[in-house]
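Engineer: One structure is given below, represented as structure tokens, and several questions about it will come after.
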Amino acid sequence: MPTPHEERPAPEAFLEEARTEARGRGAPGRLKIFLGASPGVGKTFAMLEEARTLQLNGLDVVVALVETHGRSETAALLRTLEQLPRRPVEYRGQALSELDLDALIARRPALALIDELAHTNAPGSRHPKRWQDVLEVLDAGIDVTTTLNIQHIESLNDIVSRITGVRVMETVPDHVLQRADGIELIDLPPEELIKRLRDGKVYVPQQVGRALENFFSRGNLTALRELALRTAASRVDAEMLAYMRANAVKGPWPTDERLLVCVNEAPVAKALIRAGRRMADRARLPWIVATVVTPRHETLPAEARAATLDALRLAETLGAETATLHAESDAVAELLRFARSRNVSRLVIGRPRGHGTWWRTAAGLLREPVADRLLDAATDFEVTVVTDPKPAHRRHAARWPRVAADWRGYVAATVAVAAASLLAWPVGVWDAIPGGAVSAIYLTAVLVVGANYGLGPSMAAAALGSLAYNLLYTEPYYTLAVSNPEDIVSILVFLVGAVFTGTLASRLKAQVESMRLAQRRTETLYDFARKIASAGKADDVLWAGAYHIAATLDCQSLILMPGPSGTLEQVQGHPTIEELDARAEGAARWAFERNDPAGAGTATLPMSEWLFVPLAAGATTFGVIGVRFRNRSRSLDPETRRLLLAVEDQVAVAVERVRLAEELADARVSGESERLRGALLNSVSHDLRTPLATVIGTVSALAEDPDGLSRADRRELAGTALDEARRLDRYVQNLLDMTRLGHGALTPRRAPVELAEIVGRVRTDLARSLAGHHLDIALPRDLPMLDVDPVLIGQALTNVIENAAKYAPPDTAITVSAHAEGPEALVAISDEGPGIPDSEREKVFDLFHRVTEGDGRPAGTGLGLAIVRGLVEAHGGTARALPGPNGRGTTIALRLPLATAPTDDGT
């Protein structure tokens, strides 16, 4: 009968199916890649032929970008399809053409043809790579068909470089291939491809000779062809596995063969792995090494568990994929389920000699050995059995279940049996109660001991309980002799029941401990994820990482990073930062410089007590993480290593995130500084030079020909020079005020002052600027005096009124009004200009900000209103930009403190 795992499709398959069914309802488009071993195999031609067929069937197909490379057959087929005009790009005096991404998305065909997925776009394009353009098109819901050569796949770049001697710079990340819904291999034998090259169907004749001598040699093409075939085969194999998971196919299907080596704590494990490696090499098969962990493993001797870890480490060294499976009891069912899920065709199992002895069966608690059960159950696999050449008697001692060495468990067993004897005494002397009640009391004691102290103490409790039962409750009493045959049966039944009860209780204890450990790891992982997600500094992330590693793996942890001198320095540690010896420092340097683990449990400096793994994100290594286990054998545990590497990845990503955030903040500050610097230079070059030029011109006219000018002209020129000099003085004062406001050095000298007095002085200073406007002053006579610095508030009103005069149309009114509101006076300056847009009303108070529409003709420095807000807020007031009266123009509302609060009657 199939297990529940075999009857149900994998949950991941339902998610993938749901994503597939979502296409067409606003989901991303489908991607198909025509893959070839090299240029010239006919990928573009095959893509166009398929597109032509789809178009004849009524599909809306558009050629977004296809390169013919001078091939007449490709150009002829291309003319039968609709082509999207390309986007012209000029780069270094050359006219280039690229994919018009916006036009394609606006056209929105059902299928777009985009050639050469690995192409690098011209500078100035939206994306640097064409594959990024393709992803945007897919996200827009448009299906895409494209072409790609095997040498452009990122993970194969180094392999292709070693084969051909040519480093390909344009690559496509592997995740783009994984996103593809279909990959079609366009294959061509090397001889035929070389013939096409010589016929000029791949490159122009001038390039053929050089190409044949370098990239297009027969050996290179054969190797690249094998890579392309393997890539396509692995994709098909992945699709087949996905289908099997989605449809709960039991498997294995006899397609691509895989080898699974099943290891346990037996001494034959290493020989098993070496045999599996030889078999995989001979047949050129992918191979997996798996072990199953059950609660029973907690009862095994430490050397037996260490043997399994050594075997898995050996498997990783030999290039196998390792897997640690977990099962509550049935290891065979878990192994077979895993084998079928991976479509394994061959099993390699170990069968120690002498496994069938009677005491081995008893030690295994009457269970058939795993190897025999695998042979019986694996009817649809090819099974190879490897035996241990060592004699059986040399291994028997290591096979007995481990008993707990803690003396407290055996003391508890003795106490529990004694307590059970006392509780059973009244029951034993009462004839009305059956004798089975006494054995039930002893069984309860065995159960309690097994649930709390494990297998060893429970076996001791079972033995002591059987002796006590015989001694106290079987005739003749208080002796170990048995006179009644029924009592012999009762004792044996009790002993067997006690053994099974103790075994089940010990297994329950092991499962509970395993669940608690998993819960603790989950809780610490959640806490770790929460801490690093909220951490804003690299030190916080590193501390959280060091604490989490130490708490999860039960070890000491250190994090080392390069200091100012380039040497590795300890930046975090838990529980403390410790001095490292020469071997540990050497292992840390090796891990950092080579980006490879070193130290305990590795092939590099294995005598070190510390294991170091690089702390890296991508190609950037930030430092190393060091761990020292209390039990050194844990450094060899592949599951522990995988957990450590997973935490290292999270820490590296978090550190990279913090670093990028800091760089982004620095870039923003730098950009803002550059913007302010540019605005300031522009302001100085315009607003200083303009009044200076006017002053120089008027003074020069007065100095060069004073007698040739009439008295009225001299007065006019002098007045103009004076106005421009005052304007220049106001601008310099604004710059000084801005500087003092920025450094918090502006301290108002407050005094009671009439608002009318300040406004009158401002009107006098701005007489020339207000010549074309009507300044209406509507101030109530009973308005209390202001508690302000008259010079600073006068400067603020001057900036506001001058700004209104600058932007309001000629012959319009500028109104200054005020009234008291509680302890403040609301001063409003209104004009009749076109007004400020709603989105700009708060921004007009920013430094160097100029509104470019509405009120905002591009003139002025952008300092005026910024200075106004700073001066008003220095007095504890506020400044806001509001719509003008009747919705026309702009009102700048200033709230200023009053010298005396108004009374209820307004006086």
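By order in the structure tokens, chains are A, B, ...; within a chain, residues start at 1; ligands start at 1, following the order shown.
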Could you name the residues that touch Ile163 (chain A) at 10 Å or less, counting only C-alpha atoms, but leaving out those on the same chain fewer than 2 positions away, as a list in words?

Structural biologist: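 Once the adjacent positions are removed, what remains is Asp158, Ile159, Val160, Ser161, Gly165, Val166, Arg167, Phe215, Gly219, Asn220, Leu221, Ala223 and Leu224 of chain A.
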
Engineer: Running DSSP on the backbone, which parts of region 624-668 of chain A land in strand (DSSP E), as JSON, numbers by chain?

Structural biologist: {"A": [624, 625, 626, 627, 628, 629]}

Engineer: Which one of A:Ala667, A:Leu54, A:Ala603, A:Ala808 sits closest to Arg888 (chain A) if you count only C-alpha atoms?

Structural biologist: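 Comparing A:Ala667, A:Leu54, A:Ala603, A:Ala808 against Arg888 (chain A), the winner is A:Ala808.
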
Engineer: Any idea what's packed within 12 Å of Pro823 (chain A), counting only C-alpha atoms, ignoring anything in its chain fewer than 3 positions away? Could you give it as a PyMOL selection string?

Structural biologist: chain A and resi 783-787+819-820+826+876-877+895-903+906
